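Asks: Quick one: this structure, given as structure tokens, is what I'll be asking you about.
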Amino acid sequence: MFHYTIRRLLIAIPTLLIISLIIFLLLDLAPGDPMAQMPLTVPPEVKERMRQALGLDQPLLVRYFLWIKQFFWIEPLNVLDSLFGWNLVGDAQRIISWQTRSPVADIIAQRLPQTLWVVGLAYVIGVLIALPIGIISAYRQYSWFDQIGTFVSMIGFSVPTFFTGVVLIILFSVKLQWFPSIYDTTLVVDDWDSLMKQIRQMVLPVMVLALFNASQISRFMRASMLDNLRQDYVRTARAKGLSEKVVVLVHVLRNSMIPVITVIALGVPTIFGGAIITEQVFKVNGIGQLLISAIQANDVPMVQTLTFIFAVLIVLFNLIADVLYGILDPRIRYD
Amino acid sequence: MTEATVTVSEISEAPSSQWRDVWRQFRHHKGAMFGLVVFTVILLAVIFGPYLWQIDPTQVNMRMRNQGMSAAHPFGTDQLGRDLLARLLAGGRVSLAVGMLAMLLSLVLGTFVGVCAGYSRRLDGLLMRVTDLFLALPLLPLLLVMVMLFRETLSRAFGPETGVFILIVIAIGVTSWMHTARIVRGDVLTLKEREFMLAARSIGTKPSKMVWRHILPNVLSPILVSATLGIASAIITESSLSFLGLGFPPDFPTWGRLLFDAVDQIQLYPIRVILPGVAISLTVLSVNYIGDGLRDALDPRIRGR
Amino acid sequence: MTWKTLLLGATASLAFAQVAQAERGSDGEVRVIYYQAPSILNPYLSAGTKDEEASSLILEPLIRFNPAGEMVPWLVTEIPTLENGGVAEDMKSITYKLKPDLKWSDGTPVTAEDVVFTYEYCTAPGGGCAQASIYEGIDKVEAVDASTVRILFTEPKPVPYVAFAGAQGPILQKQQFADCLGEKAPTCTQQNFNPIGTGPFKVDEFRPNDVITLSANPNYRDPAKPAFAKMTLKGGGDAASAARSVLETGEFDYAWNTQLAPEVLDEMLKGGKGRMVFAFGSLVERLEINLTDASPSLPADERGTVKHPHPILTDIKVRQALSMAIDRALLAEVGYGDAGKPTCNLVPAPAAYADDTNTGCLTQDIEGAKALLEEAGWTVGAGGVREKDGKKLSLLFQTSTNAVRQDFQSIIKEWWNEIGVQTELKNVDGSVFFGSDPGSPDTFPKFWADVEMYANNFNGADPEAYLAERICSKIPSPQTQWQGQNVGRFCVPEYDDLAVQLGQTGDLEKRGEIARKMNDMLTRDSMTILPLVYRGTLSAASNTLGGVDINAWDSQLWNVADWYREK
């Protein structure tokens with residue numbers, strides 16, 4: 001197992017390097033211009049000087065290696081600096097966003113809390129709803145509960161979140177005025193009142209996302225349970241005279257959870273990626289919104305760094321999922 | 001499914017009876033039948049609708065702005081006097097065409113990679129690494145980036161509408177083939193160990209013929225299931241891109257675009273948001289149900305119960 | 001006209017302002033929403049409107065423009081003129097006197113050195129200053145004494161009020177930015193996000209592209225202002241949700257640039273929580289007509305150059321017919337509602353420069369347009385498209401991708417269709433259309449199409465530089481890397497002479513006369529620019545927010561110190 005993990009980690013390094021090169025090249029060859037958003041009153045020669053100040057006149061490879069160095073060396077050093085109060089970075093240039101002229105990493109760190117709160121909570125709630133629904137649906141296949149569960153989860157991933165989101169805002173924020181329509185990222189939760197406020201502003205986005213997550217995971221849970229319920233060992237367990245509760249909740253559930261847990265692990269990177277559309281609709285200025293606004297403004301360093309971080313997370317959680325699979329399922333041995 | 005008392009058919013029998021069997025199973029899946037009916041209706045409507053309802057969806061008529069429902073305009077008109085029904089039909093054509101073509105592309109890619117990897121041991125390692133690499137790329141951001149990158153180049157080559165159409169189909173297709181590839185590879189690997197493959201090989205069947213005659217027909221069922229699910233996710237992805245303002249140009253109707261354009265007016269003219277929204281949801285829902293039914297019907301363990 | 005409504009608006013808000021006589025910070029918090037979020041608080045590093053306006057809460061210039069487009073002394077005692085001796089006789093220098101006892105929000109005094117430093121900051125090489133153009137033509141900025149600053153120009157400047165004016169030219173604190181000159185400018189994140197200023201508010205926390213929290217500046221020069229102790233400037237979302245949060249849910253007090261369809265706004269106004277405020281600056285949505293042939297059959301370095309005159313559009317009758325077929329009032333109404341007016345002028349304001357006799361284009365005349373085309377020899381051929389000598393009257397019409405512009409394109413296409421002009425529409429992504437990549441065939445100055453539509457305005461309240469963009473030498477061509485804003489390739493020697501004259505005339509009356517003449521030459525007389533809509537700025541304000549005086553010549557938030565809560 002250990003050897004397997006190490007080998008996978010080693011393979012991940014060239015994979016990530018290739019991904020980083022692809023991302024960098026793709027973005028660099030894009031036809032957009034970061035100065036296009038400046039008003040027409042700014043003359044072209046001024047724009048040209050601004051572009052030079054962004055380092056855009058450097059050759060491609062120089063910029064790529066600079067970015068790689070910044071990403072893998074200077075930014076981690078900076079994290080150490082801020083943790084222990086050292087000064088390892090010194091004057092070295094960090095990855096600077098074109099739009100804000102500030103370090104990309106700082107902005108991402110600023111955006112992470114709200115994304116983790118909203119998207120992460122929606123994921124946890126989604127999983128918590130999905131598991132029981134999946135179990136009961138499978139155990140009582142084709143019962144009315146299963147039919148309704150299937151229907152709700154079908155709705156969950158068939159109705160696009162931008163549609164549900166917009167309708168919910170009109171209904172609950174504008175007509176009923178129960179919840180705010182704009183998410184306040186500056187809210188500090190320190191007492192009962194602010195906690196209630198925080199909950200109220202999270203209800204709508206979390207609801208929309210949780211429904212979406214729950215519908216996907218409950219389908220997996222159901223399918224996995226169905227697979228196991230038909231296995232011979234279930235018949236054996238029943239024949240031994242074990243109670244139905246023990247058979248289903250201990251034997252079947254344990255085995256069915258193995259693929260589901262890996263699916264859940266594979267979904268974790270999407271939490272960090274933020275929910276681009278939900279964040280846009282509910283004005284939760286998180287990572288997803290950061291990415292889309294950076295794309296619109298042609299803020300290349302920001303887009304490069306964000307997409308690359310997503311790639312790293314996906315590679316990492318793929319690895320975690322595989323390792324988990326090996327640990328949970330004794331039949332699988334990687335060595 | 002107790003009434004379905006069907007003789008268990010052997011795989012070695014003629015394929016037609018196997019499919020009849022699948023159909024019999026499928027027919028008893030209520031959701032799937034509902035999906036099939038709804039999807040057929042929508043498909044027929046967007047294919048033949050524009051011939052019956054001959055108003056040009058881009059025809060501006062400033063005297064007929066913001067009309068309500070009437071005989072001349074069953075769903076009313078928009079802020080430029082364009083007929084909403086005609087726009088919905090035209091939008092549906094584009095959305096469904098994108099969904100199906102993107103699905104087809106991803107299917108072809110996925111099956112190709114899956115069969116190659118499963119069949120040839122030499123290619124397996126490399127192809128699976130490539131698949132992992134694609135799985136590791138963040139998809140929605142990647143899509144957004146691809147759209148940002150190639151939109152202009154392709155618009156120039158093929159005109160803004162066709163260019164974006166090609167771009168979106170390719171972008172969705174290229175980012176969604178990996179699951180099909182994995183499933184197909186797995187199935188091919190197990191198929192290779194079966195006796196009939198051994199038999200075929202021992203009588204000297206050429207590899208290409210092996211693939212066409214023996215492998216592809218037998219991996220058809222997982223492909224079919226992922227095809228239906230592929231249409232659904234492609235339609236959702238297209239409309240999400242349009243909703244983020246990165247899809248088709250504003251004057252080109254697709255369901256996602258229609259919804260995006262109408263969001264501002266949701267309180268004034270809720271029907272303009274609800275119609276495309278319901279159209280997207282209903283299509284995706286029906287396709288998903290068809291996929292669900294197909295999966296159940298094609299599962300040999302359930303089939304024939 | 002515009003002018004009157006503007007004045008009326010200004011007096012009305014003055015009346016409001018007198019009601020507010022409160023003490024600093026007594027009205028709690030004010031919440032503002034910008035649907036495009038500010039990304040930096042240093043306008044010298046970004047010329048985006050959202051960034052300029054957000055920084056105007058903190059940083060202030062020497063002079064500002066009021067909603068009527070008139071200059072107001074802001075950090076100085078008076079506007080220097082020839083009469084009061086502030087402007088030298090030879091018009092080569094101008095002297096400003098700072099108001100006494102001015103303090104930065106950290107309590108240190110504001111001196112002439114800070115003004116000098118600001119000039120150095122923006123002109124330092126390698127800094128990429130976004131506002132460099134307003135400091136052009138300056139030889140030197142010097143501190144005469146602690147509160148007097150003199151600007152020396154290289155050439156006589158009849159209108160010297162460009163530097164340190166408006167939202168583009170605020171004063172930075174020397175002490176804070178001393179280490180941020182030139183190439184170091186972008187690395188000064190702390191300074192760019194938390195500038196120390198003289199304005200009514202100071203930054204508590206700045207989260208780029210998200211939210212800014214501010215509090216009243218304890219050292220603001222008027223001890224009674226601002227009435228609000230706190231301010232939150234939230235960014236993100238879209239215009240509709242921003243308007244909704246003010247007009248319907250009341251979550252915010254002021255929403256910036258809520259450009260929406262009139263009927264949508266009317267519906268929101270029924271919420272009864274707010275009102276719309278609008279102001280007009282100099283922004284004009286226009287059609288530019290290409291006088292050169294941009295057909296793809298020509299070699300790339302000759303395509304769209306003066307070497308090949310346009311085969312159809314060099315005939316003024318055709319251009320006029322195109323203009324006559326357009327109903328500008330309808331366009332304004334459909335696209336911009338209250339924030340749009342039909343116009344025939346390229347310079348629609350201020351009153352001193354706007355030609356209000358140029359109104360001929362305002363009435364649509366389809367029949368007249370048809371007759372003109374007949375006269376020019378274009379007769380109706382197959383499919384209703386006019387032809388002449390076997391050539392079809394078919395045009396390529398391009399613009400940037402934007403919902404309103406695409407609507408305009410479709411409508412105009414219909415009208416032109418009616419008079420027998422076939423139109424092919426094209427839209428280009430804004431970041432490419434307004435980008436300045438000389439290799440891209442789709443930028444607006446390259447103009448490889450027959451007609452194009454966009455909007456432009458001028459900084460400050462003087463159109464001299466704006467009109468000077470239309471002289472022969474500013475024609476974009478391969479030699480200029482396709483830069484230059486004379487995109488229609490208009491070239492008349494008489495116009496160039498007028499441009500020179502305008503640059504040498506100090507007398508306001510005469511300047512107006514020349515500017516009006518230049519404006520008419522471009523529009524009414526030559527029909528190379530077809531102005532469509534005079535676009536204003538539209539924002540939503542809560543009914544409980546007093547003192548709002550929206551301004552299109554400067555930052556919308558220019559008088560935020562006077563805002564107060566209505567009791």
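Labeling convention for the structure tokens: chains A, B, ... as they appear, residues from 1 per chain, ligands from 1 in order of appearance.
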Should the cut-off be 8 Å, what would the residue list for chain C against chain A look like, counting only C-alpha atoms, as a PyMOL selection string?
Replies: chain C and resi 39-40+46-49+126-133+183+186-189+207-211+236-237+241+245+248-249+251+430-437+456-459+483-484
Asks: Could the residues in this selection be saved with N, CA and C atoms as a compact mmCIF listing (two decimals), in the first residue's frame?
Replies:
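File produced: part-v6.txt:
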# COMPACT_ATOMS: atom_id res chain seq x y z
N SER C 39 -11.54 46.45 -8.17
CA SER C 39 -10.46 45.50 -7.94
C SER C 39 -9.21 46.17 -7.37
N ILE C 40 -9.19 47.48 -7.34
CA ILE C 40 -8.01 48.17 -6.81
C ILE C 40 -8.47 49.57 -6.42
N SER C 46 -5.44 51.54 -12.64
CA SER C 46 -6.56 50.99 -13.39
C SER C 46 -7.50 52.11 -13.77
N ALA C 47 -7.82 52.19 -15.04
CA ALA C 47 -8.70 53.27 -15.48
C ALA C 47 -10.15 52.81 -15.53
N GLY C 48 -10.44 51.63 -15.01
CA GLY C 48 -11.82 51.16 -14.99
C GLY C 48 -12.70 52.08 -14.17
N THR C 49 -13.89 52.37 -14.66
CA THR C 49 -14.80 53.30 -13.97
C THR C 49 -15.04 52.86 -12.54
N GLY C 126 8.12 52.73 -16.41
CA GLY C 126 7.94 51.35 -15.96
C GLY C 126 6.76 51.14 -15.05
N GLY C 127 6.08 52.22 -14.69
CA GLY C 127 4.96 52.08 -13.77
C GLY C 127 3.67 51.72 -14.47
N GLY C 128 3.59 51.99 -15.77
CA GLY C 128 2.37 51.71 -16.51
C GLY C 128 1.19 52.49 -15.99
N CYS C 129 1.37 53.79 -15.75
CA CYS C 129 0.29 54.60 -15.18
C CYS C 129 -0.88 54.71 -16.17
N ALA C 130 -2.07 54.37 -15.68
CA ALA C 130 -3.23 54.34 -16.57
C ALA C 130 -3.70 55.74 -16.94
N GLN C 131 -3.33 56.74 -16.14
CA GLN C 131 -3.83 58.10 -16.40
C GLN C 131 -2.75 58.97 -17.01
N ALA C 132 -1.71 58.35 -17.56
CA ALA C 132 -0.58 59.13 -18.06
C ALA C 132 -1.01 60.24 -19.01
N SER C 133 -2.11 60.03 -19.73
CA SER C 133 -2.48 61.03 -20.74
C SER C 133 -2.88 62.36 -20.12
N GLU C 183 8.60 50.67 -11.57
CA GLU C 183 8.36 49.23 -11.63
C GLU C 183 7.84 48.66 -10.32
N PRO C 186 3.23 48.03 -8.93
CA PRO C 186 2.27 46.94 -8.71
C PRO C 186 2.55 46.13 -7.45
N THR C 187 3.78 46.19 -6.93
CA THR C 187 4.07 45.36 -5.77
C THR C 187 3.57 45.98 -4.47
N CYS C 188 3.14 47.25 -4.53
CA CYS C 188 2.70 47.92 -3.31
C CYS C 188 1.24 47.60 -3.01
N THR C 189 0.96 46.34 -2.77
CA THR C 189 -0.43 45.95 -2.55
C THR C 189 -1.07 46.70 -1.40
N ARG C 207 -11.43 44.04 0.14
CA ARG C 207 -11.32 42.71 -0.45
C ARG C 207 -11.53 42.86 -1.94
N PRO C 208 -10.46 42.68 -2.71
CA PRO C 208 -10.56 42.94 -4.14
C PRO C 208 -11.69 42.14 -4.79
N ASN C 209 -12.40 42.79 -5.68
CA ASN C 209 -13.51 42.18 -6.43
C ASN C 209 -14.61 41.67 -5.53
N ASP C 210 -14.66 42.12 -4.29
CA ASP C 210 -15.72 41.64 -3.43
C ASP C 210 -16.36 42.80 -2.67
N VAL C 211 -15.69 43.29 -1.65
CA VAL C 211 -16.35 44.27 -0.80
C VAL C 211 -15.32 45.21 -0.19
N GLY C 236 -20.22 42.86 -7.25
CA GLY C 236 -20.56 41.54 -7.78
C GLY C 236 -22.03 41.40 -8.13
N GLY C 237 -22.33 40.43 -8.96
CA GLY C 237 -23.70 40.18 -9.37
C GLY C 237 -23.96 40.79 -10.73
N SER C 241 -29.93 42.44 -10.25
CA SER C 241 -30.00 42.10 -8.83
C SER C 241 -29.56 43.28 -7.98
N SER C 245 -31.94 44.98 -5.15
CA SER C 245 -31.57 45.07 -3.74
C SER C 245 -31.81 46.46 -3.18
N GLU C 248 -36.37 46.95 -4.31
CA GLU C 248 -37.39 46.02 -3.84
C GLU C 248 -37.13 45.44 -2.45
N THR C 249 -35.90 44.99 -2.21
CA THR C 249 -35.67 44.38 -0.90
C THR C 249 -35.11 45.38 0.10
N GLU C 251 -32.09 46.12 0.72
CA GLU C 251 -30.85 45.69 1.40
C GLU C 251 -29.74 46.72 1.23
N GLY C 430 -16.11 41.74 -26.70
CA GLY C 430 -15.61 43.06 -26.28
C GLY C 430 -14.12 43.10 -26.03
N SER C 431 -13.58 42.01 -25.45
CA SER C 431 -12.16 42.05 -25.10
C SER C 431 -11.28 42.04 -26.35
N VAL C 432 -11.84 41.59 -27.46
CA VAL C 432 -11.07 41.64 -28.71
C VAL C 432 -11.36 42.94 -29.46
N PHE C 433 -12.65 43.28 -29.51
CA PHE C 433 -13.08 44.48 -30.25
C PHE C 433 -12.39 45.73 -29.69
N PHE C 434 -12.36 45.86 -28.38
CA PHE C 434 -11.75 47.03 -27.76
C PHE C 434 -10.29 46.79 -27.39
N GLY C 435 -9.79 45.60 -27.67
CA GLY C 435 -8.39 45.32 -27.40
C GLY C 435 -7.53 46.02 -28.44
N SER C 436 -6.22 46.01 -28.26
CA SER C 436 -5.44 46.73 -29.26
C SER C 436 -4.37 45.83 -29.87
N ASP C 437 -4.74 44.60 -30.12
CA ASP C 437 -3.82 43.68 -30.78
C ASP C 437 -3.79 44.00 -32.28
N ASN C 456 -18.41 56.18 -26.98
CA ASN C 456 -17.20 56.78 -26.45
C ASN C 456 -17.56 58.12 -25.82
N ASN C 457 -16.68 58.62 -24.98
CA ASN C 457 -16.90 59.91 -24.33
C ASN C 457 -15.55 60.58 -24.12
N PHE C 458 -15.53 61.73 -23.45
CA PHE C 458 -14.24 62.35 -23.15
C PHE C 458 -14.12 62.61 -21.66
N ASN C 459 -12.85 62.65 -21.22
CA ASN C 459 -12.56 62.92 -19.82
C ASN C 459 -12.78 64.39 -19.53
N GLN C 483 -3.39 51.77 -34.66
CA GLN C 483 -3.88 52.57 -33.54
C GLN C 483 -4.41 53.89 -34.09
N GLY C 484 -5.14 54.60 -33.25
CA GLY C 484 -5.73 55.87 -33.68
C GLY C 484 -7.23 55.75 -33.66
Asks: Which residues, written as a list in words, have at least one atom at most 9 Å from A:Met202, with only C-alpha atoms counted and residues fewer than 2 positions away on the same chain left out?
Replies: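 So, after excluding close chain neighbours, the residues are Trp117, Val118, Phe179, Tyr183, Lys197, Gln198, Ile199, Arg200, Leu204, Pro205, Val206 and Met207 of chain A.
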Asks: Would you kindly return, as a PyMOL selection string, each protein, DNA or RNA residue with an atom no farther than 8 Å from any atom of C:Glu464, considering only C-alpha atoms and excluding same-chain residues fewer than 4 positions away?
Replies: chain C and resi 468+499+502-503+515
Asks: At a cut-off of 9 Å, can you tabulate as a tab-separated table every residue of chain C near chain B together with its closest atom pair and the distance in Å to one decimal, using only C-alpha atoms and ordering rows by chain then number?
Replies:
residue	atom	partner	partner_atom	distance
C:Ala239	CA	B:Asp264	CA	8.5
C:Ala240	CA	B:Asp264	CA	5.6
C:Ser241	CA	B:Asp264	CA	8.1
C:Leu260	CA	B:Asp264	CA	7.8
C:Ala261	CA	B:Gln265	CA	8.5
C:Glu263	CA	B:Leu268	CA	7.9
C:Val264	CA	B:Gln265	CA	5.9
C:Glu267	CA	B:Leu268	CA	6.7
C:Met268	CA	B:Gln267	CA	8.6
C:Leu330	CA	B:Met62	CA	8.8
C:Val334	CA	B:Gln79	CA	7.9
C:Thr401	CA	B:Pro249	CA	6.9
C:Asn402	CA	B:Pro250	CA	7.0
C:Ala403	CA	B:Pro250	CA	5.7
C:Gln406	CA	B:Asp251	CA	6.1
C:Asp407	CA	B:Leu80	CA	7.3
C:Ser410	CA	B:Val60	CA	6.7
C:Ile411	CA	B:Val60	CA	6.4
C:Glu414	CA	B:Val60	CA	7.0
C:Lys426	CA	B:Pro160	CA	7.3
C:Asn427	CA	B:Pro160	CA	7.5
C:Val428	CA	B:Glu152	CA	7.6
C:Asp429	CA	B:Glu152	CA	7.6
C:Val432	CA	B:Glu152	CA	8.2
C:Asp442	CA	B:Glu152	CA	9.0
Asks: Determine which residues of chain A sit within 8 Å of chain B, taking into account only C-alpha atoms, and present them as a list in words.
Replies: Thr15, Ile19, Leu26, Leu27, Leu29, Ala30, Pro31, Gly32, Met154, Ile155, Ser158, Val159, Pro160, Phe162, Phe163, Val166, Ile170, Ile277, Leu291, Ile295, Thr307, Phe310, Ala311, Val312, Ile314 and Val315 of chain A
Asks: One decimal, in Å: what's the spacing between atom CA of C:Glu424 and atom CA of C:His308?
Replies: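 A separation of 21.3 Å between them.
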Asks: Extract, using only C-alpha atoms, all DNA, RNA and protein residues at most 9 Å from C:Tyr119, discarding same-chain residues fewer than 5 positions from it, and format them as a ChimeraX atom specification.
Replies: /C:114,124,135,140-141,163-164,171
Asks: Considering only strand (DSSP E) as DSSP defines it on the backbone, what residues of stretch 405-515 of chain C qualify? List them as a ChimeraX atom specification.
Replies: /C:422-428,451-456
Asks: Please save N, CA, C and O atoms of the selected residues as a PDB file, in the first residue's frame.
Replies:
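See part.pdb below for the written result:
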ATOM      1  N   GLN C 422     -29.018  45.675 -47.860  1.00  0.00           N
ATOM      2  CA  GLN C 422     -28.830  44.375 -47.233  1.00  0.00           C
ATOM      3  C   GLN C 422     -27.734  44.507 -46.177  1.00  0.00           C
ATOM      4  O   GLN C 422     -26.702  45.126 -46.427  1.00  0.00           O
ATOM      5  N   THR C 423     -27.983  43.978 -44.991  1.00  0.00           N
ATOM      6  CA  THR C 423     -27.007  44.138 -43.923  1.00  0.00           C
ATOM      7  C   THR C 423     -26.613  42.781 -43.374  1.00  0.00           C
ATOM      8  O   THR C 423     -27.475  41.964 -43.051  1.00  0.00           O
ATOM      9  N   GLU C 424     -25.314  42.581 -43.252  1.00  0.00           N
ATOM     10  CA  GLU C 424     -24.838  41.374 -42.595  1.00  0.00           C
ATOM     11  C   GLU C 424     -24.331  41.784 -41.220  1.00  0.00           C
ATOM     12  O   GLU C 424     -23.550  42.723 -41.097  1.00  0.00           O
ATOM     13  N   LEU C 425     -24.815  41.103 -40.179  1.00  0.00           N
ATOM     14  CA  LEU C 425     -24.433  41.491 -38.829  1.00  0.00           C
ATOM     15  C   LEU C 425     -23.260  40.646 -38.346  1.00  0.00           C
ATOM     16  O   LEU C 425     -23.121  39.489 -38.683  1.00  0.00           O
ATOM     17  N   LYS C 426     -22.451  41.286 -37.519  1.00  0.00           N
ATOM     18  CA  LYS C 426     -21.328  40.569 -36.946  1.00  0.00           C
ATOM     19  C   LYS C 426     -21.093  41.127 -35.557  1.00  0.00           C
ATOM     20  O   LYS C 426     -21.172  42.342 -35.355  1.00  0.00           O
ATOM     21  N   ASN C 427     -20.864  40.264 -34.583  1.00  0.00           N
ATOM     22  CA  ASN C 427     -20.454  40.812 -33.296  1.00  0.00           C
ATOM     23  C   ASN C 427     -19.183  40.142 -32.816  1.00  0.00           C
ATOM     24  O   ASN C 427     -18.956  38.969 -33.035  1.00  0.00           O
ATOM     25  N   VAL C 428     -18.357  40.949 -32.175  1.00  0.00           N
ATOM     26  CA  VAL C 428     -17.027  40.514 -31.750  1.00  0.00           C
ATOM     27  C   VAL C 428     -16.962  40.669 -30.244  1.00  0.00           C
ATOM     28  O   VAL C 428     -17.455  41.663 -29.702  1.00  0.00           O
ATOM     29  N   VAL C 451     -19.699  49.269 -41.487  1.00  0.00           N
ATOM     30  CA  VAL C 451     -20.292  50.120 -40.464  1.00  0.00           C
ATOM     31  C   VAL C 451     -19.985  49.476 -39.129  1.00  0.00           C
ATOM     32  O   VAL C 451     -19.960  48.246 -39.032  1.00  0.00           O
ATOM     33  N   GLU C 452     -19.708  50.301 -38.093  1.00  0.00           N
ATOM     34  CA  GLU C 452     -19.559  49.705 -36.768  1.00  0.00           C
ATOM     35  C   GLU C 452     -20.188  50.599 -35.708  1.00  0.00           C
ATOM     36  O   GLU C 452     -20.376  51.795 -35.918  1.00  0.00           O
ATOM     37  N   MET C 453     -20.506  49.992 -34.594  1.00  0.00           N
ATOM     38  CA  MET C 453     -21.211  50.723 -33.535  1.00  0.00           C
ATOM     39  C   MET C 453     -20.468  50.553 -32.227  1.00  0.00           C
ATOM     40  O   MET C 453     -20.063  49.453 -31.874  1.00  0.00           O
ATOM     41  N   TYR C 454     -20.263  51.627 -31.514  1.00  0.00           N
ATOM     42  CA  TYR C 454     -19.726  51.567 -30.154  1.00  0.00           C
ATOM     43  C   TYR C 454     -20.034  52.899 -29.492  1.00  0.00           C
ATOM     44  O   TYR C 454     -20.664  53.774 -30.086  1.00  0.00           O
ATOM     45  N   ALA C 455     -19.602  53.066 -28.247  1.00  0.00           N
ATOM     46  CA  ALA C 455     -19.838  54.316 -27.538  1.00  0.00           C
ATOM     47  C   ALA C 455     -18.512  54.860 -27.059  1.00  0.00           C
ATOM     48  O   ALA C 455     -17.592  54.113 -26.772  1.00  0.00           O
ATOM     49  N   ASN C 456     -18.409  56.179 -26.977  1.00  0.00           N
ATOM     50  CA  ASN C 456     -17.195  56.784 -26.447  1.00  0.00           C
ATOM     51  C   ASN C 456     -17.560  58.125 -25.821  1.00  0.00           C
ATOM     52  O   ASN C 456     -18.608  58.691 -26.105  1.00  0.00           O
TER      53      ASN C 456
END
